[in-house]
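A.B. asks: Hey, dropping query-v3.csv in here, CSV, C-alpha atoms and all ligand atoms:
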chain,number,residue,atom,x,y,z
P,1,MET,CA,91.5,150.8,142.5
P,2,MET,CA,94.8,151.2,140.7
P,3,SER,CA,96.4,154.5,141.5
P,4,GLU,CA,99.9,155.7,142.1
P,5,THR,CA,99.4,155.1,145.8
P,6,ALA,CA,98.1,151.6,145.3
P,7,VAL,CA,100.9,150.7,142.8
P,8,MET,CA,103.6,151.9,145.2
P,9,LYS,CA,102.5,149.3,147.7
P,10,SER,CA,102.3,146.6,145.0
P,11,GLY,CA,104.6,144.3,143.0
P,12,ILE,CA,104.4,144.2,139.2
P,13,ILE,CA,104.8,141.2,137.0
P,14,LEU,CA,105.5,142.2,133.4
P,15,ASP,CA,105.2,139.8,130.5
P,16,LEU,CA,108.0,140.0,127.9
P,17,ASP,CA,107.1,139.0,124.4
P,18,GLY,CA,104.0,140.9,123.1
P,19,THR,CA,104.0,143.2,126.1
P,20,LEU,CA,107.4,144.8,126.6
P,21,MET,CA,109.1,143.5,123.5
P,22,ASP,CA,108.2,142.7,119.9
P,23,GLY,CA,111.3,140.8,118.9
P,24,VAL,CA,114.2,143.2,119.2
P,25,HIS,CA,112.0,146.3,119.6
P,26,ALA,CA,110.3,147.7,122.7
P,27,TYR,CA,106.6,148.5,122.5
P,28,GLU,CA,105.4,152.0,122.9
P,29,GLY,CA,105.6,153.1,126.5
P,30,ALA,CA,107.6,150.1,127.7
P,31,VAL,CA,110.8,152.0,128.5
P,32,SER,CA,109.0,154.9,130.2
P,33,LEU,CA,106.8,152.5,132.2
P,34,VAL,CA,109.8,150.5,133.5
P,35,ASN,CA,111.7,153.7,134.3
P,36,TYR,CA,108.7,155.1,136.1
P,37,LEU,CA,108.1,152.0,138.2
P,38,GLN,CA,111.8,151.9,139.1
P,39,SER,CA,111.6,155.6,140.1
P,40,LEU,CA,108.8,154.7,142.5
P,41,ALA,CA,110.9,151.7,143.8
P,42,VAL,CA,108.1,149.3,143.0
P,43,PRO,CA,109.5,145.7,142.7
P,44,ILE,CA,109.1,144.4,139.2
P,45,LEU,CA,109.6,141.0,137.8
P,46,VAL,CA,109.8,140.1,134.1
P,47,MET,CA,108.0,136.7,134.0
P,48,THR,CA,108.1,135.0,130.7
P,49,ASN,CA,107.4,131.6,129.0
P,50,SER,CA,110.4,132.2,126.9
P,51,VAL,CA,113.2,129.8,127.6
P,52,GLN,CA,116.0,132.2,126.6
P,53,PRO,CA,118.5,132.5,129.5
P,54,PRO,CA,117.7,135.4,131.8
P,55,GLU,CA,121.1,137.0,130.9
P,56,ALA,CA,120.1,137.0,127.2
P,57,ILE,CA,116.7,138.5,128.0
P,58,MET,CA,118.5,141.1,130.2
P,59,LYS,CA,120.6,142.2,127.2
P,60,ARG,CA,117.6,142.4,124.9
P,61,LEU,CA,115.8,144.7,127.4
P,62,GLN,CA,118.9,146.8,128.1
P,63,LYS,CA,119.5,147.4,124.4
P,64,CYS,CA,116.1,149.0,124.3
P,65,GLY,CA,116.8,151.1,127.4
P,66,MET,CA,115.2,148.9,130.1
P,67,ASP,CA,117.6,148.4,132.9
P,68,ILE,CA,116.3,145.1,134.4
P,69,THR,CA,118.9,142.7,135.9
P,70,ALA,CA,118.8,138.9,135.4
P,71,GLU,CA,117.7,138.3,139.0
P,72,ASN,CA,114.5,140.2,138.1
P,73,ILE,CA,113.8,137.9,135.1
P,74,LEU,CA,112.0,134.6,135.7
P,75,ASN,CA,111.8,131.9,133.0
P,76,PRO,CA,110.2,128.5,133.3
P,77,ILE,CA,113.5,126.6,133.4
P,78,VAL,CA,114.3,128.2,136.8
P,79,ALA,CA,111.0,126.8,138.0
P,80,MET,CA,111.6,123.4,136.4
P,81,ASN,CA,115.0,123.1,138.1
P,82,ALA,CA,113.4,123.7,141.5
P,83,TYR,CA,110.9,120.9,140.7
P,84,ILE,CA,113.5,118.5,139.4
P,85,ARG,CA,115.6,119.0,142.6
P,86,ASN,CA,112.5,118.4,144.7
P,87,GLN,CA,111.6,115.2,142.9
P,88,GLY,CA,115.2,113.9,143.0
P,89,TRP,CA,115.3,113.2,139.2
P,90,SER,CA,118.9,112.5,138.1
P,91,ALA,CA,118.3,111.9,134.3
P,92,VAL,CA,116.1,114.3,132.4
P,93,ARG,CA,115.7,114.1,128.7
P,94,CYS,CA,115.7,117.7,127.3
P,95,ILE,CA,113.9,118.9,124.2
P,96,GLY,CA,115.5,122.3,123.3
P,97,GLY,CA,118.5,123.9,121.8
P,98,GLU,CA,121.9,124.3,123.4
P,99,ASP,CA,121.0,127.4,125.3
P,100,GLU,CA,118.1,125.7,126.9
P,101,GLN,CA,120.0,122.5,127.7
P,102,ARG,CA,122.7,124.5,129.4
P,103,GLN,CA,120.1,126.0,131.8
P,104,LEU,CA,118.4,122.7,132.8
P,105,LEU,CA,119.6,120.4,135.7
P,106,ASN,CA,120.6,116.8,135.2
P,107,VAL,CA,120.2,116.6,131.4
P,108,SER,CA,120.7,113.1,130.0
P,109,ASP,CA,120.3,111.4,126.6
P,110,THR,CA,119.2,108.1,128.1
P,111,ASP,CA,116.3,106.2,126.5
P,112,THR,CA,114.9,105.6,130.0
P,113,PRO,CA,114.8,109.0,131.6
P,114,ASP,CA,113.3,109.9,135.0
P,115,ALA,CA,111.5,112.7,133.3
P,116,VAL,CA,111.3,114.7,130.0
P,117,ALA,CA,111.5,118.5,129.8
P,118,LEU,CA,109.9,120.1,126.7
P,119,LEU,CA,111.6,123.5,126.5
P,120,ASP,CA,111.7,124.6,122.9
P,121,PHE,CA,111.1,123.0,119.5
P,122,GLU,CA,112.1,125.9,117.3
P,123,ASP,CA,115.8,125.1,116.9
P,124,ILE,CA,115.8,121.3,117.1
P,125,ASN,CA,114.0,120.4,113.8
P,126,ALA,CA,111.6,118.0,115.4
P,127,ASP,CA,110.4,115.2,113.1
P,128,TYR,CA,107.8,112.4,113.3
P,129,ARG,CA,110.2,109.9,114.8
P,130,LEU,CA,111.1,112.2,117.7
P,131,LEU,CA,107.4,113.0,118.4
P,132,GLN,CA,106.6,109.3,118.3
P,133,THR,CA,109.4,108.5,120.8
P,134,LEU,CA,108.2,111.2,123.1
P,135,MET,CA,104.6,110.0,122.9
P,136,THR,CA,105.7,106.5,123.7
P,137,LEU,CA,107.6,107.7,126.8
P,138,LEU,CA,104.5,109.6,127.9
P,139,ARG,CA,102.4,106.5,127.4
P,140,ARG,CA,104.9,104.5,129.6
P,141,GLY,CA,104.2,106.9,132.5
P,142,VAL,CA,107.4,109.0,132.3
P,143,PRO,CA,106.6,112.4,133.8
P,144,PHE,CA,106.7,115.3,131.4
P,145,LEU,CA,107.3,119.0,132.2
P,146,ALA,CA,106.7,121.7,129.6
P,147,ALA,CA,108.0,125.3,129.6
P,148,SER,CA,104.9,126.7,128.0
P,149,GLY,CA,101.2,126.0,127.6
P,150,SER,CA,100.8,128.6,124.9
P,151,CYS,CA,100.3,127.4,121.3
P,152,HIS,CA,101.7,130.4,119.6
P,153,TYR,CA,103.5,133.7,120.2
P,154,THR,CA,104.4,136.8,118.2
P,155,LYS,CA,107.9,137.6,116.9
P,156,ASN,CA,108.4,140.7,114.9
P,157,GLY,CA,104.7,140.8,114.2
P,158,VAL,CA,104.6,137.2,112.9
P,159,ARG,CA,102.7,134.4,114.6
P,160,GLN,CA,105.1,131.6,115.6
P,161,ILE,CA,104.3,128.0,116.8
P,162,ASP,CA,105.0,127.7,120.5
P,163,THR,CA,105.8,124.7,122.8
P,164,GLY,CA,102.2,124.4,124.0
P,165,ALA,CA,101.1,123.3,120.5
P,166,PHE,CA,103.4,120.3,120.8
P,167,VAL,CA,102.2,119.7,124.3
P,168,ARG,CA,98.6,119.5,123.0
P,169,LEU,CA,99.7,117.2,120.1
P,170,LEU,CA,101.5,114.8,122.5
P,171,GLU,CA,98.6,114.8,125.0
P,172,LEU,CA,96.0,114.1,122.3
P,173,ALA,CA,98.0,111.3,120.8
P,174,SER,CA,98.9,109.7,124.2
P,175,ASN,CA,95.8,110.5,126.2
P,176,CYS,CA,98.2,111.4,129.0
P,177,GLU,CA,98.7,114.8,130.8
P,178,ILE,CA,101.8,117.0,130.7
P,179,GLN,CA,102.6,119.4,133.6
P,180,VAL,CA,103.1,122.9,132.3
P,181,MET,CA,105.6,124.9,134.4
P,182,GLY,CA,105.2,128.2,132.5
P,183,LYS,CA,102.3,130.6,132.7
P,184,PRO,CA,99.4,130.0,133.5
P,185,SER,CA,100.6,127.4,135.9
P,186,PRO,CA,99.9,128.4,139.6
P,187,LEU,CA,103.2,126.7,140.5
P,188,TYR,CA,105.0,129.2,138.4
P,189,PHE,CA,103.1,132.2,139.7
P,190,GLN,CA,103.8,131.1,143.3
P,191,MET,CA,107.5,131.2,142.5
P,192,ALA,CA,107.1,134.8,141.1
P,193,TYR,CA,105.2,135.9,144.3
P,194,GLN,CA,108.0,134.5,146.4
P,195,LEU,CA,110.6,136.4,144.4
P,196,LEU,CA,108.6,139.7,144.6
P,197,GLY,CA,107.9,139.2,148.4
P,198,LYS,CA,104.3,140.3,148.0
P,199,ALA,CA,101.0,138.7,148.6
P,200,PRO,CA,99.2,137.6,145.3
P,201,GLU,CA,96.4,140.2,145.8
P,202,ALA,CA,99.0,143.0,145.9
P,203,ILE,CA,100.4,142.0,142.5
P,204,TYR,CA,99.4,143.4,139.1
P,205,VAL,CA,100.1,141.1,136.2
P,206,ILE,CA,100.6,143.1,132.9
P,207,GLY,CA,100.4,141.1,129.7
P,208,ASP,CA,99.0,140.5,126.2
P,209,ASP,CA,97.7,137.0,126.6
P,210,VAL,CA,94.3,136.4,128.0
P,211,ILE,CA,95.1,132.8,129.0
P,212,THR,CA,98.7,132.7,130.1
P,213,ASP,CA,98.8,136.1,131.7
P,214,MET,CA,95.2,137.0,132.6
P,215,HIS,CA,93.8,133.6,133.5
P,216,GLY,CA,97.1,132.7,135.3
P,217,ALA,CA,96.9,135.9,137.3
P,218,ALA,CA,93.2,135.4,138.2
P,219,VAL,CA,93.5,131.8,139.3
P,220,SER,CA,96.5,132.7,141.5
P,221,GLY,CA,94.7,135.6,143.1
P,222,SER,CA,96.4,138.6,141.3
P,223,VAL,CA,95.1,141.5,139.3
P,224,GLY,CA,95.2,141.1,135.5
P,225,CYS,CA,96.0,144.1,133.3
P,226,LEU,CA,95.5,143.3,129.6
P,227,ILE,CA,97.5,145.3,127.0
P,228,LYS,CA,96.2,145.5,123.5
P,229,THR,CA,99.5,144.5,121.9
P,230,GLY,CA,101.1,141.2,120.9
P,231,LYS,CA,98.6,138.4,120.7
P,232,TYR,CA,95.7,140.5,121.9
P,233,GLN,CA,92.5,139.8,120.0
P,234,SER,CA,89.4,141.9,119.9
P,235,GLY,CA,87.0,140.8,122.7
P,236,ASP,CA,89.8,139.4,125.0
P,237,GLU,CA,89.0,142.2,127.4
P,238,ASP,CA,85.5,140.7,128.0
P,239,SER,CA,87.0,137.8,129.9
P,240,SER,CA,86.2,137.8,133.6
P,241,ASP,CA,89.9,137.2,134.2
P,242,VAL,CA,90.7,140.8,133.0
P,243,SER,CA,90.5,143.5,135.6
P,244,TYR,CA,91.8,146.3,133.5
P,245,CYS,CA,92.6,146.8,129.8
P,246,PHE,CA,94.8,149.4,128.1
P,247,GLU,CA,95.7,150.3,124.5
P,248,ASN,CA,99.4,150.2,125.3
P,249,LEU,CA,101.8,150.6,128.2
P,250,GLU,CA,102.0,154.4,127.8
P,251,ASP,CA,98.2,154.6,128.5
P,252,LEU,CA,98.7,152.4,131.6
P,253,LYS,CA,101.5,154.7,132.9
P,254,ARG,CA,99.5,157.8,132.2
P,255,LEU,CA,96.6,156.5,134.1
P,256,ILE,CA,98.7,155.6,137.1
P,257,GLU,CA,100.4,159.0,137.1
P,258,LYS,CA,97.1,160.8,137.0
P,259,ARG,CA,95.9,158.7,139.9
P,260,VAL,CA,92.8,157.9,138.0
P,261,ALA,CA,91.0,155.0,139.4
P,262,PHE,CA,90.5,152.3,136.8
K,1,MG,MG,103.1,137.7,125.8
Would you encode the structure as structure tokens?
C.D. replies:
Amino acid sequence: MMSETAVMKSGIILDLDGTLMDGVHAYEGAVSLVNYLQSLAVPILVMTNSVQPPEAIMKRLQKCGMDITAENILNPIVAMNAYIRNQGWSAVRCIGGEDEQRQLLNVSDTDTPDAVALLDFEDINADYRLLQTLMTLLRRGVPFLAASGSCHYTKNGVRQIDTGAFVRLLELASNCEIQVMGKPSPLYFQMAYQLLGKAPEAIYVIGDDVITDMHGAAVSGSVGCLIKTGKYQSGDEDSSDVSYCFENLEDLKRLIEKRVAF
């Protein structure tokens, strides 16, 4: 039962693109929901597969009236860095723009890297030769980490190719697997739970993506709340991974306020 009382004891994971934000605009109800949760002193974490630096995401949110600090924003590169440190990798080939490279540990241009991190293809103008080089490294057994398993996302209402589409291409061509560090990876959700300081079952995951948000929440033991914005498609709410479904964030807030069980 999700009521105001239940929510006050919980932690909230909010997806960014397609849920709180559509490009530079906040979705209906996003600002009032964030303000409301903060007024209840409920811990919130913006958990995204976007590889924008947390400081840049913070500015995007603040411009729209959501006062969320960088410490409360988790991106997959933070999770990757913990993994890189843990594995002791000192030379990591990085696929991504300057903003992404700056965030990653131990970046190296070597032809014989310890690992490869796929962060973002949007700004690097990837061509056949680069994809062939990556596929060959993967075939040689070099470990690959990817920031996102999703194949597309929505920006200003337009569908964009996401890193997961390149992950699939490389896996198909190489017949090897790539470790995804972004949602729906349980590794990534575990890091979020640690940051929120709550048990998985006390956490509501609010998002627009039935796979990355809802399936990720379900396999990690949290409660999935699907919002019909962003990449939502009719019928997504029928998934057994979805516990609750709302037209928008305003509806979600209204229902918590009214203490209606849903
Ligand atoms: Mg989303």
A.B. asks: List every residue of chain P that has an atom at most 10 Å from any atom of ligand MG 1 (chain K), and for each one report the closest atom pair and its distance in Å to one decimal, counting all atoms listed in the file, with rows sorted by chain and then by increasing residue number, as a Markdown table.
C.D. replies:
| residue | atom | partner | partner_atom | distance |
| --- | --- | --- | --- | --- |
| P:Leu14 | CA | K:MG1 | MG | 9.2 |
| P:Asp15 | CA | K:MG1 | MG | 5.6 |
| P:Leu16 | CA | K:MG1 | MG | 5.8 |
| P:Asp17 | CA | K:MG1 | MG | 4.4 |
| P:Gly18 | CA | K:MG1 | MG | 4.3 |
| P:Thr19 | CA | K:MG1 | MG | 5.6 |
| P:Leu20 | CA | K:MG1 | MG | 8.3 |
| P:Met21 | CA | K:MG1 | MG | 8.7 |
| P:Asp22 | CA | K:MG1 | MG | 9.3 |
| P:Met47 | CA | K:MG1 | MG | 9.6 |
| P:Thr48 | CA | K:MG1 | MG | 7.5 |
| P:Asn49 | CA | K:MG1 | MG | 8.1 |
| P:Ser50 | CA | K:MG1 | MG | 9.2 |
| P:Ser150 | CA | K:MG1 | MG | 9.4 |
| P:His152 | CA | K:MG1 | MG | 9.7 |
| P:Tyr153 | CA | K:MG1 | MG | 6.9 |
| P:Thr154 | CA | K:MG1 | MG | 7.8 |
| P:Lys183 | CA | K:MG1 | MG | 9.9 |
| P:Ile206 | CA | K:MG1 | MG | 9.3 |
| P:Gly207 | CA | K:MG1 | MG | 5.8 |
| P:Asp208 | CA | K:MG1 | MG | 5.0 |
| P:Asp209 | CA | K:MG1 | MG | 5.5 |
| P:Val210 | CA | K:MG1 | MG | 9.2 |
| P:Ile211 | CA | K:MG1 | MG | 9.9 |
| P:Thr212 | CA | K:MG1 | MG | 7.9 |
| P:Asp213 | CA | K:MG1 | MG | 7.5 |
| P:Ile227 | CA | K:MG1 | MG | 9.5 |
| P:Thr229 | CA | K:MG1 | MG | 8.6 |
| P:Gly230 | CA | K:MG1 | MG | 6.3 |
| P:Lys231 | CA | K:MG1 | MG | 6.8 |
| P:Tyr232 | CA | K:MG1 | MG | 8.8 |
A.B. asks: Do a neighbour search on Met80 of chain P at 8 Å with all atoms listed in the file, toss out local chain neighbours closer than 5 positions, and write the hits as number ranges by chain.
C.D. replies: P: 104, 145, 147, 181
A.B. asks: Select, counting all atoms listed in the file, all protein, DNA and RNA residues no farther than 10 Å from (115.7, 145.1, 129.7) in file coordinates, and express the selection as a PDB file with C-alpha atoms, in the coordinates of the input.
C.D. replies:
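And here's point06.pdb as it stands now:
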ATOM      1  CA  LEU P  16     108.000 140.000 127.900  1.00  0.00           C
ATOM      2  CA  LEU P  20     107.400 144.800 126.600  1.00  0.00           C
ATOM      3  CA  MET P  21     109.100 143.500 123.500  1.00  0.00           C
ATOM      4  CA  ALA P  26     110.300 147.700 122.700  1.00  0.00           C
ATOM      5  CA  ALA P  30     107.600 150.100 127.700  1.00  0.00           C
ATOM      6  CA  VAL P  31     110.800 152.000 128.500  1.00  0.00           C
ATOM      7  CA  VAL P  34     109.800 150.500 133.500  1.00  0.00           C
ATOM      8  CA  VAL P  46     109.800 140.100 134.100  1.00  0.00           C
ATOM      9  CA  GLU P  55     121.100 137.000 130.900  1.00  0.00           C
ATOM     10  CA  ALA P  56     120.100 137.000 127.200  1.00  0.00           C
ATOM     11  CA  ILE P  57     116.700 138.500 128.000  1.00  0.00           C
ATOM     12  CA  MET P  58     118.500 141.100 130.200  1.00  0.00           C
ATOM     13  CA  LYS P  59     120.600 142.200 127.200  1.00  0.00           C
ATOM     14  CA  ARG P  60     117.600 142.400 124.900  1.00  0.00           C
ATOM     15  CA  LEU P  61     115.800 144.700 127.400  1.00  0.00           C
ATOM     16  CA  GLN P  62     118.900 146.800 128.100  1.00  0.00           C
ATOM     17  CA  LYS P  63     119.500 147.400 124.400  1.00  0.00           C
ATOM     18  CA  CYS P  64     116.100 149.000 124.300  1.00  0.00           C
ATOM     19  CA  GLY P  65     116.800 151.100 127.400  1.00  0.00           C
ATOM     20  CA  MET P  66     115.200 148.900 130.100  1.00  0.00           C
ATOM     21  CA  ASP P  67     117.600 148.400 132.900  1.00  0.00           C
ATOM     22  CA  ILE P  68     116.300 145.100 134.400  1.00  0.00           C
ATOM     23  CA  THR P  69     118.900 142.700 135.900  1.00  0.00           C
ATOM     24  CA  ALA P  70     118.800 138.900 135.400  1.00  0.00           C
ATOM     25  CA  ASN P  72     114.500 140.200 138.100  1.00  0.00           C
ATOM     26  CA  ILE P  73     113.800 137.900 135.100  1.00  0.00           C
TER      27      ILE P  73
END
A.B. asks: What gap, in Å, lies between atom CA of Leu119 of chain P and atom CA of Gln194 of chain P?
C.D. replies: 23.0 Å
A.B. asks: Which residue, P:Val7, P:Leu195, P:Leu134, P:Ile12, has the smallest gap to Val167 of chain P when you use only C-alpha atoms?
C.D. replies: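 Among the listed residues, the smallest separation from Val167 of chain P belongs to P:Leu134.
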A.B. asks: Near Ile178 of chain P, counting only C-alpha atoms, which residues have an atom at most 9 Å away, once you skip same-chain residues fewer than 2 positions from it, shown as a PyMOL selection string?
C.D. replies: chain P and resi 138+143-146+167-168+170-171+176+180
A.B. asks: How many Å separate atom CA of Gly221 of chain P from atom CA of Ser3 of chain P?
C.D. replies: 19.0 Å
A.B. asks: Tell me which of P:Asp111, P:Asp127, P:Glu4, P:Glu28 sits closest to Asp251 of chain P, counting all atoms listed in the file.
C.D. replies: P:Glu28
A.B. asks: Could you jot down the atom CA of Leu118 of chain P to atom CA of Gly96 of chain P separation for me, Å, one decimal place?
C.D. replies: 6.9 Å
A.B. asks: Quick one: of P:Lys228, P:Phe121, P:Gly182, P:Ser234, who's nearest to Asp162 of chain P, counting all atoms listed in the file?
C.D. replies: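 When distances to Asp162 of chain P are compared using all atoms listed in the file, the smallest one comes from P:Phe121.
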A.B. asks: Identify which of the residues P:Ala6, P:Ala165, P:Ala115, P:Tyr27 lies closest to Glu201 of chain P, counting only C-alpha atoms when measuring atom-to-atom distances.
C.D. replies: P:Ala6
A.B. asks: Please list as a VMD selection string every residue within 9 Å of Ala79 of chain P, counting all atoms listed in the file and excluding residues in the same chain fewer than 5 positions away.
C.D. replies: chain P and resid 74 84 181 to 182 187 to 188 191
A.B. asks: Name the closest residue to Leu226 of chain P among the candidates P:Val78, P:Thr112, P:Asp241, P:Phe246; distances are taken between atoms, counting all atoms listed in the file.
C.D. replies: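 Among the listed residues, P:Phe246 lies closest to Leu226 of chain P.
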A.B. asks: Excluding Tyr204 of chain P and its own-chain neighbours fewer than 3 positions away, which residues fall within 7 Å of it when counting only C-alpha atoms? Please give them as a PyMOL selection string.
C.D. replies: chain P and resi 11-13+222-225
A.B. asks: When you count all atoms listed in the file, which of these residues is closest to Ile44 of chain P: P:Val219, P:Ala173, P:Met8, P:Val24?
C.D. replies: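 Among P:Val219, P:Ala173, P:Met8, P:Val24, it is P:Met8 that comes nearest to Ile44 of chain P.
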A.B. asks: Please check which residues have atoms at most 7 Å from (119.5, 112.0, 126.9) in the file's coordinates, counting all atoms listed in the file, and write them as a PDB file with C-alpha atoms, keeping the file's coordinate frame.
C.D. replies:
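out-v3.pdb, freshly written:
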ATOM      1  CA  VAL P  92     116.100 114.300 132.400  1.00  0.00           C
ATOM      2  CA  ARG P  93     115.700 114.100 128.700  1.00  0.00           C
ATOM      3  CA  CYS P  94     115.700 117.700 127.300  1.00  0.00           C
ATOM      4  CA  VAL P 107     120.200 116.600 131.400  1.00  0.00           C
ATOM      5  CA  SER P 108     120.700 113.100 130.000  1.00  0.00           C
ATOM      6  CA  ASP P 109     120.300 111.400 126.600  1.00  0.00           C
ATOM      7  CA  THR P 110     119.200 108.100 128.100  1.00  0.00           C
ATOM      8  CA  ASP P 111     116.300 106.200 126.500  1.00  0.00           C
TER       9      ASP P 111
END
